[in-house]
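As stored in entry04.cif (mmCIF, C-alpha atoms (C1' of nucleotides)):
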```cif
data_run
loop_
_atom_site.label_atom_id
_atom_site.label_comp_id
_atom_site.auth_asym_id
_atom_site.auth_seq_id
_atom_site.Cartn_x
_atom_site.Cartn_y
_atom_site.Cartn_z
CA MET F 1 20.71 -100.76 121.91
CA ASP F 2 21.99 -104.05 123.08
CA LYS F 3 20.03 -103.49 126.27
CA LYS F 4 20.26 -106.84 127.97
CA TYR F 5 18.04 -107.98 130.75
CA HIS F 6 20.95 -109.22 132.77
CA HIS F 7 23.43 -106.53 133.43
CA GLY F 8 26.44 -108.64 134.24
CA ASP F 9 28.41 -106.82 136.90
CA LEU F 10 25.76 -104.60 138.38
CA LYS F 11 26.89 -105.10 141.94
CA ILE F 12 30.36 -103.68 141.50
CA GLN F 13 29.05 -100.94 139.25
CA LEU F 14 26.58 -99.88 141.94
CA ILE F 15 29.45 -99.59 144.40
CA LYS F 16 31.70 -97.65 142.06
CA THR F 17 28.99 -95.35 140.75
CA GLY F 18 27.67 -94.81 144.25
CA LEU F 19 31.13 -93.85 145.44
CA HIS F 20 31.42 -91.47 142.53
CA MET F 21 28.12 -89.84 143.44
CA ILE F 22 29.27 -89.43 147.02
CA GLN F 23 32.40 -87.68 145.88
CA GLU F 24 30.35 -85.39 143.68
CA ASP F 25 27.47 -84.35 145.89
CA GLY F 26 28.01 -85.86 149.31
CA ILE F 27 26.25 -88.70 151.02
CA ASN F 28 22.99 -86.98 151.70
CA LYS F 29 22.17 -86.62 148.06
CA LEU F 30 22.84 -90.23 147.20
CA SER F 31 19.56 -91.93 146.38
CA LEU F 32 19.14 -95.50 145.30
CA ARG F 33 16.81 -94.46 142.51
CA LYS F 34 19.21 -91.98 140.95
CA LEU F 35 21.99 -94.50 141.36
CA ALA F 36 19.96 -97.20 139.64
CA GLN F 37 19.14 -94.79 136.86
CA LEU F 38 22.81 -93.98 136.36
CA CYS F 39 23.47 -97.69 136.02
CA ASN F 40 20.71 -97.98 133.41
CA VAL F 41 18.70 -100.26 135.58
CA SER F 42 15.29 -100.20 137.22
CA GLU F 43 14.81 -98.67 140.64
CA ALA F 44 14.38 -101.97 142.40
CA ALA F 45 17.32 -103.70 140.76
CA PRO F 46 19.81 -102.90 143.55
CA TYR F 47 17.72 -105.03 145.89
CA SER F 48 18.90 -108.10 144.05
CA HIS F 49 22.38 -107.38 145.37
CA PHE F 50 21.89 -105.50 148.63
CA LYS F 51 19.31 -106.04 151.31
CA ASN F 52 18.82 -102.32 151.70
CA LYS F 53 20.51 -98.97 151.26
CA GLY F 54 22.53 -99.40 154.42
CA GLU F 55 24.17 -102.54 153.12
CA LEU F 56 25.13 -100.80 149.93
CA LEU F 57 26.75 -98.03 151.95
CA ILE F 58 28.64 -100.61 153.96
CA ALA F 59 29.85 -102.18 150.74
CA ILE F 60 31.11 -98.79 149.61
CA GLN F 61 32.83 -98.31 152.94
CA GLU F 62 34.56 -101.63 152.51
CA TYR F 63 35.59 -100.65 149.01
CA ILE F 64 37.22 -97.48 150.33
CA THR F 65 38.73 -99.29 153.26
CA GLU F 66 40.49 -101.67 150.91
CA GLN F 67 42.12 -98.78 149.11
CA LEU F 68 43.34 -97.30 152.37
CA GLN F 69 44.58 -100.66 153.53
CA LYS F 70 46.57 -101.04 150.33
CA ARG F 71 48.21 -97.66 150.85
CA LEU F 72 49.32 -98.64 154.32
CA GLU F 73 50.74 -101.90 153.05
CA ASP F 74 52.59 -100.07 150.31
CA ALA F 75 53.98 -97.59 152.82
CA TYR F 76 55.18 -100.38 155.04
CA GLU F 77 56.76 -102.39 152.29
CA ARG F 78 58.28 -99.32 150.70
CA THR F 79 60.25 -98.69 153.88
CA GLU F 80 63.71 -100.12 153.41
CA HIS F 81 64.16 -101.71 156.78
CA GLY F 82 60.62 -102.80 157.53
CA ASN F 83 61.16 -103.35 161.18
CA SER F 84 62.25 -99.83 162.03
CA PRO F 85 60.15 -97.03 163.52
CA ILE F 86 60.47 -95.24 160.19
CA ALA F 87 57.88 -97.67 158.86
CA ILE F 88 55.44 -96.43 161.48
CA LEU F 89 56.01 -92.86 160.42
CA ASN F 90 55.54 -93.75 156.78
CA MET F 91 52.30 -95.56 157.46
CA GLY F 92 51.08 -92.60 159.47
CA LYS F 93 51.87 -90.30 156.58
CA ALA F 94 50.08 -92.56 154.14
CA TYR F 95 47.05 -92.58 156.42
CA VAL F 96 46.92 -88.82 156.66
CA GLN F 97 47.65 -88.28 152.98
CA PHE F 98 44.78 -90.53 152.05
CA PHE F 99 42.26 -88.38 153.86
CA ILE F 100 43.80 -85.15 152.64
CA ARG F 101 43.42 -86.49 149.14
CA TYR F 102 39.84 -87.65 149.70
CA PRO F 103 38.39 -85.53 152.48
CA GLU F 104 34.84 -86.79 151.97
CA TYR F 105 35.95 -90.29 152.79
CA TYR F 106 36.79 -89.47 156.35
CA SER F 107 33.32 -88.67 157.57
CA PHE F 108 31.84 -91.33 155.36
CA LEU F 109 34.00 -94.01 156.93
CA PHE F 110 34.03 -92.92 160.52
CA ALA F 111 30.96 -90.83 161.13
CA GLN F 112 28.39 -92.79 159.24
CA PRO F 113 28.61 -95.82 161.54
CA TYR F 114 27.42 -93.89 164.52
CA LEU F 115 24.60 -92.32 162.62
CA LYS F 116 22.88 -95.65 162.85
CA ILE F 117 22.01 -96.28 159.27
CA ASP F 118 20.24 -99.54 158.88
CA LEU F 119 23.35 -101.55 159.35
CA SER F 120 21.51 -102.44 162.54
CA MET F 121 21.55 -106.18 162.15
CA GLY F 122 24.69 -108.14 161.62
CA ASN F 123 28.04 -106.95 160.44
CA GLU F 124 29.66 -103.79 161.64
CA PRO F 125 31.64 -101.66 159.25
CA ASN F 126 35.31 -102.52 159.06
CA ALA F 127 36.76 -99.04 158.87
CA PHE F 128 39.13 -99.92 161.68
CA GLU F 129 40.85 -102.69 159.80
CA PRO F 130 43.54 -100.51 158.29
CA PHE F 131 44.45 -99.29 161.70
CA GLN F 132 44.39 -102.83 162.96
CA TYR F 133 47.08 -103.56 160.42
CA TYR F 134 48.88 -100.39 161.45
CA LYS F 135 48.78 -101.41 165.09
CA GLU F 136 50.04 -104.90 164.48
CA LYS F 137 53.03 -103.63 162.57
CA ALA F 138 53.70 -101.01 165.21
CA TYR F 139 53.52 -103.63 167.94
CA THR F 140 56.16 -105.77 166.26
CA ILE F 141 58.41 -102.81 165.71
CA TYR F 142 58.11 -101.49 169.26
CA LYS F 143 58.63 -104.97 170.63
CA ASN F 144 61.69 -105.19 168.47
CA GLU F 145 62.95 -101.98 170.06
CA GLY F 146 62.61 -103.56 173.47
CA PHE F 147 59.73 -101.49 174.85
CA SER F 148 57.61 -102.79 177.71
CA GLU F 149 54.09 -104.09 177.13
CA GLU F 150 52.63 -101.22 179.10
CA ARG F 151 54.55 -98.65 177.15
CA ILE F 152 53.58 -100.29 173.89
CA LYS F 153 49.93 -100.39 174.83
CA TYR F 154 49.73 -96.69 175.52
CA GLY F 155 52.19 -95.84 172.80
CA ILE F 156 50.00 -97.40 170.16
CA ILE F 157 46.81 -95.79 171.35
CA ALA F 158 48.57 -92.47 171.55
CA MET F 159 49.94 -92.88 168.06
CA TRP F 160 46.52 -93.83 166.78
CA ALA F 161 45.01 -90.74 168.34
CA LYS F 162 47.67 -88.50 166.85
CA VAL F 163 47.47 -89.86 163.35
CA HIS F 164 43.72 -90.12 163.35
CA GLY F 165 43.37 -86.67 164.85
CA ILE F 166 45.43 -85.09 162.11
CA ALA F 167 43.43 -86.96 159.50
CA ALA F 168 40.21 -85.77 161.10
CA ILE F 169 41.28 -82.16 161.19
CA ALA F 170 42.95 -82.12 157.81
CA SER F 171 39.85 -83.53 156.19
CA MET F 172 37.56 -80.85 157.56
CA GLN F 173 36.29 -78.15 155.34
CA ASP F 174 37.28 -74.66 156.44
CA VAL F 175 40.63 -76.03 157.55
CA ASN F 176 43.55 -74.81 155.56
CA ARG F 177 44.23 -77.58 153.08
CA ASP F 178 47.68 -76.16 152.35
CA PHE F 179 48.94 -76.57 155.86
CA GLU F 180 52.08 -78.66 156.12
CA TRP F 181 50.39 -81.59 157.78
CA GLU F 182 53.31 -83.89 157.20
CA ASP F 183 55.58 -81.59 159.16
CA VAL F 184 53.10 -81.69 162.01
CA LEU F 185 52.97 -85.44 161.79
CA ASP F 186 56.76 -85.63 161.84
CA LYS F 187 57.00 -83.54 164.98
CA ILE F 188 54.08 -85.23 166.68
CA LEU F 189 55.13 -88.78 166.07
CA VAL F 190 58.81 -88.33 166.72
CA GLU F 191 58.54 -86.75 170.17
CA MET A 1 -7.22 -79.25 176.08
CA ASP A 2 -6.02 -75.71 176.07
CA LYS A 3 -4.63 -76.26 172.59
CA LYS A 4 -3.59 -72.80 171.56
CA TYR A 5 -2.90 -71.70 168.05
CA HIS A 6 0.28 -69.97 169.05
CA HIS A 7 2.68 -72.31 170.70
CA GLY A 8 4.88 -69.81 172.43
CA ASP A 9 8.39 -71.17 172.38
CA LEU A 10 8.19 -73.59 169.52
CA LYS A 11 11.61 -72.71 168.14
CA ILE A 12 13.56 -73.73 171.21
CA GLN A 13 11.38 -76.76 171.71
CA LEU A 14 12.11 -77.90 168.17
CA ILE A 15 15.81 -77.67 168.90
CA LYS A 16 15.62 -79.50 172.21
CA THR A 17 13.24 -82.20 171.03
CA GLY A 18 15.24 -82.62 167.84
CA LEU A 19 18.40 -83.09 169.85
CA HIS A 20 16.63 -85.62 172.00
CA MET A 21 15.53 -87.56 168.94
CA ILE A 22 19.08 -87.57 167.62
CA GLN A 23 20.33 -89.00 170.88
CA GLU A 24 17.67 -91.69 170.76
CA ASP A 25 17.76 -92.90 167.20
CA GLY A 26 20.56 -91.10 165.41
CA ILE A 27 20.44 -88.38 162.83
CA ASN A 28 19.20 -90.44 159.94
CA LYS A 29 15.91 -91.13 161.59
CA LEU A 30 15.18 -87.54 162.48
CA SER A 31 12.33 -86.29 160.33
CA LEU A 32 10.74 -82.89 160.49
CA ARG A 33 7.30 -84.43 160.45
CA LYS A 34 7.86 -86.69 163.43
CA LEU A 35 9.56 -83.82 165.22
CA ALA A 36 6.60 -81.52 164.57
CA GLN A 37 4.25 -84.21 165.78
CA LEU A 38 6.22 -84.61 169.00
CA CYS A 39 5.86 -80.88 169.52
CA ASN A 40 2.10 -81.12 168.98
CA VAL A 41 2.26 -78.94 165.95
CA SER A 42 1.45 -79.31 162.27
CA GLU A 43 4.05 -80.63 159.86
CA ALA A 44 4.70 -77.28 158.26
CA ALA A 45 5.00 -75.32 161.48
CA PRO A 46 8.78 -75.61 161.73
CA TYR A 47 9.07 -73.60 158.54
CA SER A 48 7.97 -70.54 160.44
CA HIS A 49 11.21 -70.74 162.39
CA PHE A 50 13.69 -72.44 160.08
CA LYS A 51 14.13 -72.03 156.37
CA ASN A 52 14.63 -75.75 155.94
CA LYS A 53 15.77 -78.88 157.69
CA GLY A 54 19.43 -77.98 157.28
CA GLU A 55 19.00 -74.76 159.21
CA LEU A 56 17.32 -76.60 162.05
CA LEU A 57 20.26 -78.99 162.19
CA ILE A 58 22.65 -76.07 162.28
CA ALA A 59 20.68 -74.59 165.16
CA ILE A 60 21.01 -77.89 167.00
CA GLN A 61 24.73 -77.91 166.31
CA GLU A 62 25.02 -74.44 167.76
CA TYR A 63 23.05 -75.54 170.79
CA ILE A 64 25.48 -78.38 171.41
CA THR A 65 28.47 -76.21 170.69
CA GLU A 66 27.41 -73.79 173.40
CA GLN A 67 27.35 -76.58 175.95
CA LEU A 68 30.83 -77.69 174.95
CA GLN A 69 32.09 -74.13 175.03
CA LYS A 70 30.74 -73.73 178.54
CA ARG A 71 32.58 -76.85 179.69
CA LEU A 72 35.85 -75.53 178.36
CA GLU A 73 35.34 -72.21 180.07
CA ASP A 74 34.53 -73.97 183.33
CA ALA A 75 37.64 -76.11 183.00
CA TYR A 76 39.79 -73.05 182.44
CA GLU A 77 38.35 -71.04 185.25
CA ARG A 78 38.39 -74.00 187.60
CA THR A 79 42.16 -74.20 187.20
CA GLU A 80 43.71 -72.40 190.11
CA HIS A 81 46.45 -70.60 188.28
CA GLY A 82 44.75 -69.87 185.02
CA ASN A 83 47.87 -69.05 183.14
CA SER A 84 49.62 -72.36 183.68
CA PRO A 85 49.86 -75.30 181.27
CA ILE A 86 47.65 -77.22 183.66
CA ALA A 87 44.73 -75.20 182.33
CA ILE A 88 45.45 -76.56 178.86
CA LEU A 89 45.40 -80.10 180.16
CA ASN A 90 42.15 -79.48 181.98
CA MET A 91 40.50 -78.04 178.93
CA GLY A 92 41.68 -81.00 176.89
CA LYS A 93 40.17 -83.35 179.42
CA ALA A 94 36.89 -81.47 179.40
CA TYR A 95 36.86 -81.67 175.62
CA VAL A 96 37.41 -85.40 175.57
CA GLN A 97 35.03 -86.07 178.44
CA PHE A 98 32.29 -84.22 176.64
CA PHE A 99 32.44 -86.56 173.66
CA ILE A 100 32.80 -89.64 175.80
CA ARG A 101 29.66 -88.57 177.59
CA TYR A 102 27.78 -87.82 174.37
CA PRO A 103 29.36 -89.92 171.64
CA GLU A 104 26.62 -89.13 169.11
CA TYR A 105 27.50 -85.48 169.28
CA TYR A 106 30.93 -85.95 167.77
CA SER A 107 29.87 -87.10 164.35
CA PHE A 108 26.91 -84.78 164.41
CA LEU A 109 29.13 -81.78 164.98
CA PHE A 110 32.10 -82.62 162.84
CA ALA A 111 30.95 -85.00 160.18
CA GLN A 112 27.65 -83.47 159.23
CA PRO A 113 29.24 -80.34 157.80
CA TYR A 114 31.10 -82.27 155.18
CA LEU A 115 28.12 -84.34 154.26
CA LYS A 116 26.77 -81.27 152.56
CA ILE A 117 23.35 -80.98 154.08
CA ASP A 118 21.56 -77.98 152.78
CA LEU A 119 23.58 -75.58 154.82
CA SER A 120 24.88 -74.76 151.35
CA MET A 121 24.00 -71.11 151.36
CA GLY A 122 25.26 -68.77 153.97
CA ASN A 123 26.55 -69.56 157.40
CA GLU A 124 28.89 -72.38 158.14
CA PRO A 125 28.51 -74.36 161.33
CA ASN A 126 30.52 -73.07 164.23
CA ALA A 127 31.69 -76.35 165.67
CA PHE A 128 35.23 -75.02 165.72
CA GLU A 129 34.49 -72.19 168.09
CA PRO A 130 35.22 -74.12 171.26
CA PHE A 131 38.58 -75.01 169.93
CA GLN A 132 39.13 -71.43 168.91
CA TYR A 133 38.69 -70.56 172.54
CA TYR A 134 40.98 -73.42 173.50
CA LYS A 135 43.65 -72.21 171.11
CA GLU A 136 43.52 -68.63 172.29
CA LYS A 137 43.99 -69.65 175.88
CA ALA A 138 46.78 -72.01 174.94
CA TYR A 139 48.51 -69.28 172.97
CA THR A 140 48.53 -66.95 175.94
CA ILE A 141 49.82 -69.66 178.23
CA TYR A 142 52.58 -70.79 175.89
CA LYS A 143 53.56 -67.20 175.26
CA ASN A 144 53.70 -66.73 179.00
CA GLU A 145 56.09 -69.69 179.17
CA GLY A 146 58.38 -67.97 176.72
CA PHE A 147 57.95 -70.26 173.72
CA SER A 148 58.77 -69.06 170.22
CA GLU A 149 56.04 -68.22 167.75
CA GLU A 150 57.04 -71.12 165.52
CA ARG A 151 56.97 -73.56 168.39
CA ILE A 152 53.61 -72.24 169.54
CA LYS A 153 52.14 -72.52 166.09
CA TYR A 154 53.00 -76.18 165.72
CA GLY A 155 52.45 -76.87 169.37
CA ILE A 156 48.86 -75.75 169.21
CA ILE A 157 48.06 -77.64 166.04
CA ALA A 158 49.69 -80.72 167.50
CA MET A 159 47.71 -80.36 170.68
CA TRP A 160 44.53 -79.89 168.74
CA ALA A 161 45.21 -83.04 166.76
CA LYS A 162 45.91 -85.04 169.90
CA VAL A 163 42.88 -83.93 171.82
CA HIS A 164 40.58 -84.10 168.86
CA GLY A 165 41.95 -87.48 167.85
CA ILE A 166 41.24 -88.95 171.25
CA ALA A 167 37.75 -87.48 171.19
CA ALA A 168 37.19 -88.95 167.73
CA ILE A 169 38.34 -92.40 168.73
CA ALA A 170 36.71 -92.43 172.13
CA SER A 171 33.38 -91.48 170.63
CA MET A 172 33.37 -94.34 168.16
CA GLN A 173 31.17 -97.28 168.70
CA ASP A 174 33.04 -100.56 169.03
CA VAL A 175 35.81 -98.78 170.84
CA ASN A 176 36.18 -99.79 174.43
CA ARG A 177 34.31 -97.10 176.31
CA ASP A 178 35.95 -98.12 179.57
CA PHE A 179 39.44 -97.37 178.37
CA GLU A 180 41.31 -94.91 180.55
CA TRP A 181 41.26 -92.11 178.05
CA GLU A 182 42.29 -89.52 180.56
CA ASP A 183 45.47 -91.43 181.27
CA VAL A 184 46.19 -91.45 177.57
CA LEU A 185 45.50 -87.76 177.38
CA ASP A 186 47.83 -87.12 180.31
CA LYS A 187 50.67 -88.97 178.70
CA ILE A 188 50.05 -87.56 175.26
CA LEU A 189 49.79 -83.93 176.25
CA VAL A 190 52.58 -83.91 178.77
CA GLU A 191 55.30 -85.35 176.56
"C1'" DC N 1 14.96 -129.54 126.22
"C1'" DT N 2 13.25 -128.55 130.54
"C1'" DC N 3 13.26 -126.52 134.69
"C1'" DC N 4 14.88 -123.50 138.32
"C1'" DA N 5 17.01 -120.00 140.61
"C1'" DA N 6 18.97 -115.65 139.99
"C1'" DA N 7 18.57 -111.09 137.96
"C1'" DC N 8 15.73 -108.05 136.58
"C1'" DT N 9 10.99 -104.99 135.80
"C1'" DT N 10 6.66 -102.81 137.00
"C1'" DA N 11 3.57 -101.06 140.27
"C1'" DA N 12 2.38 -99.79 144.52
"C1'" DC N 13 2.89 -98.26 149.59
"C1'" DA N 14 4.13 -95.15 153.19
"C1'" DC N 15 7.03 -91.61 154.35
"C1'" DC N 16 9.69 -87.49 153.67
"C1'" DG N 17 10.97 -82.28 152.70
"C1'" DT N 18 8.98 -78.37 150.94
"C1'" DT N 19 5.67 -74.95 149.22
"C1'" DA N 20 1.29 -72.40 148.39
"C1'" DA N 21 -2.73 -70.68 150.18
"C1'" DG N 22 -5.59 -69.85 153.81
"C1'" DT N 23 -6.61 -69.15 159.08
"C1'" DT N 24 -5.76 -67.60 163.69
"C1'" DT N 25 -3.66 -64.54 166.84
"C1'" DA N 26 -0.76 -60.91 169.10
"C1'" DT N 27 0.63 -56.31 168.67
"C1'" DC N 28 0.21 -51.60 168.02
"C1'" DA N 29 -1.20 -47.06 166.08
"C1'" DT N 30 -5.19 -44.42 166.06
"C1'" DA J 1 -11.88 -49.93 171.81
"C1'" DT J 2 -10.98 -50.84 167.04
"C1'" DG J 3 -9.05 -52.05 163.04
"C1'" DA J 4 -4.82 -53.05 160.32
"C1'" DT J 5 -0.67 -55.71 159.85
"C1'" DA J 6 2.55 -59.16 160.38
"C1'" DA J 7 3.84 -63.30 162.56
"C1'" DA J 8 2.61 -68.05 163.79
"C1'" DC J 9 0.23 -71.60 162.59
"C1'" DT J 10 -2.92 -75.21 159.61
"C1'" DT J 11 -4.34 -77.83 155.60
"C1'" DA J 12 -3.44 -79.75 151.24
"C1'" DA J 13 -0.71 -80.84 147.72
"C1'" DC J 14 3.74 -81.68 144.94
"C1'" DG J 15 7.67 -84.62 143.72
"C1'" DG J 16 11.11 -87.56 145.48
"C1'" DT J 17 12.56 -91.45 148.50
"C1'" DG J 18 13.28 -96.47 150.45
"C1'" DT J 19 11.14 -100.71 150.21
"C1'" DT J 20 8.19 -104.62 148.99
"C1'" DA J 21 5.17 -107.79 146.27
"C1'" DA J 22 4.35 -109.95 142.13
"C1'" DG J 23 5.51 -110.94 137.73
"C1'" DT J 24 9.07 -111.48 133.69
"C1'" DT J 25 13.38 -112.68 131.56
"C1'" DT J 26 17.47 -115.20 131.43
"C1'" DG J 27 21.56 -118.30 131.96
"C1'" DG J 28 22.85 -122.60 133.06
"C1'" DA J 29 22.57 -127.39 135.18
"C1'" DG J 30 20.36 -131.85 134.80
#
```

Structure re-expressed in structure tokens:
Amino acid sequence: MDKKYHHGDLKIQLIKTGLHMIQEDGINKLSLRKLAQLCNVSEAAPYSHFKNKGELLIAIQEYITEQLQKRLEDAYERTEHGNSPIAILNMGKAYVQFFIRYPEYYSFLFAQPYLKIDLSMGNEPNAFEPFQYYKEKAYTIYKNEGFSEERIKYGIIAMWAKVHGIAAIASMQDVNRDFEWEDVLDKILVE
Amino acid sequence: MDKKYHHGDLKIQLIKTGLHMIQEDGINKLSLRKLAQLCNVSEAAPYSHFKNKGELLIAIQEYITEQLQKRLEDAYERTEHGNSPIAILNMGKAYVQFFIRYPEYYSFLFAQPYLKIDLSMGNEPNAFEPFQYYKEKAYTIYKNEGFSEERIKYGIIAMWAKVHGIAAIASMQDVNRDFEWEDVLDKILVE
DNA sequence: CTCCAAACTTAACACCGTTAAGTTTATCAT
DNA sequence: ATGATAAACTTAACGGTGTTAAGTTTGGAG
């Protein structure tokens, strides 16, 4: 056993292993002690890197958020003519696909904040950032199409609601996972 | 002190007080022991009425769901000509208003299920029931308007996504609570 | 080589969900 | 009325949890 006192990259391993545990058994069964044990580290070790459990959860949220953000960027850049409404559709699809692929992530990202973990002081979770990106791109594109500010304002909120709503529904258990959500998205967004 | 051994209506009081605690401090801070204490009862008393904490939470979900259901029914019956699309709009508004009024309820109803509390065995939560009602009414109305089955099928899912998406967004913290969500709903649903 | 701050451990605290075993009470047949 | 039975409750204990205090190890800068 080359068991070293200093672990090296414990912080990132806590995040990754914690995420893995969430995928396996859900949030409610994630305990710091089990997590520490899985990382071959004492039960109090995580407190060298996170002020409390809440801050670890926020770090995991950010980790997921980055992945989602990357997918949106890919979807945008993959679109041949970036400044066309097709890019918006593609980003919407990427958004929905992400939560169909990882249904547990949805409630972890968007529900957890309101459940008032001990994020209490300081920084709020940044689960909205991907959609911030989405909205900025959409704004440019709509502007480019010559829409009015008023129409853009409501158009973007409406689009957000549609895309987010499908993601919310599609990520629910008991909802038919085989439903053709992309078709729905096509029809909804094109209207 | 007329402290009686038998409480009388402990079960319903556990549900109501539990709900109140959730509204105050969020789900994560709800403990059975504090709840029992608030009900002037020993810490193990709740186990006479609920198999475990998860089943109490499910009972609270059902309690909330009934309120929401009632609002939808009111909205439908309040509409003068029940069988017109206006009823759908009114129900959608009632749905959204409910979650704007009680933002904590949204994640409690829809996120909790996926977080795999110990509902594990047996009955699933019935948070979808109100929308089941919504969908049935909408089906009748659309049918009455002469729409095709295919169009109805996607129309209802699309409508569900829109309404639910707005509710999801509007119930988030950090989102401007003063936004004119009903205007958005009008524009979205009418399209 | 020394010293210091960061990364870790051990040990303890209070709290939690849950269960087992015992006590009180309402109900109901006799 | 009386006694049996089951439901509603209490007390006490179990193991697990988040968190903190105090001490130990370690890598690296001076």

Next item on the list: Starting from the shown file, work through the PyMOL selection byres ((chain A and resi 130) around 8) and note down what comes out as a ChimeraX atom specification.
Entry: /A:65,68-69,72,127-129,131-134

Next item on the list: Taking the file above as input, evaluate the PyMOL selection byres ((chain F) within 10 of (chain J)) and report the hits as a PyMOL selection string.
Entry: chain F and resi 4-6+31-33+44+47+51-53

Item checked: Spatial neighbours of Thr140 of chain A, 12 Å, all atoms listed in the file, chain gap at least 6 places, as a list in words -> Gly82, Asn83, Ser84, Pro85, Ala87, Ile88, Tyr133, Tyr134, Gly146, Phe147, Ser148, Glu149, Ile152, Lys153 and Ile156 of chain A

Next item on the list: Given the file shown, enumerate the residues that the PyMOL selection byres ((chain F) within 12 of (chain N)) captures and present them as a count of residues only.
Entry: 18

Note to self: As an exercise, work out the distance from atom CA of Asn90 of chain F to atom CA of Tyr154 of chain A in Å and give it to one decimal place.
What the structure shows: 19.9 Å

Checklist line | Check: which chain F residues lie within 7 Å of chain A using all atoms listed in the file, as a list in words | finding: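 Those within range of chain A come out as Gly26, Ile27, Asn28, Glu104, Ser107, Ala111, Tyr114, Leu115, Lys116, Ile117, Tyr154, Ala158, Ala161, Lys162, His164, Gly165, Ile166, Ile169, Gln173, Val184 and Ile188 of chain F.
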
Next item on the list: Go ahead and compute the interatomic distance for atom CA of Leu30 of chain A and atom CA of Leu14 of chain F, in Å to one decimal.
Entry: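 Between these atoms lies a distance of 26.5 Å.
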
Checklist line | Pick from A:Tyr63, A:Tyr76, A:Phe50, A:Phe179 nearest to Lys135 of chain A, counting all atoms listed in the file | finding: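 Smallest distance to Lys135 of chain A is found for A:Tyr76.
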
Find the axis-aligned box for segment 13-21 of chain N, covering all its listed atoms and adding 6 Å on each side, and write its centre and edge lengths in Å to one decimal as lines of an AutoDock Vina configuration file.
```
center_x = 4.1
center_y = -84.5
center_z = 151.4
size_x = 25.7
size_y = 39.6
size_z = 18.0
```
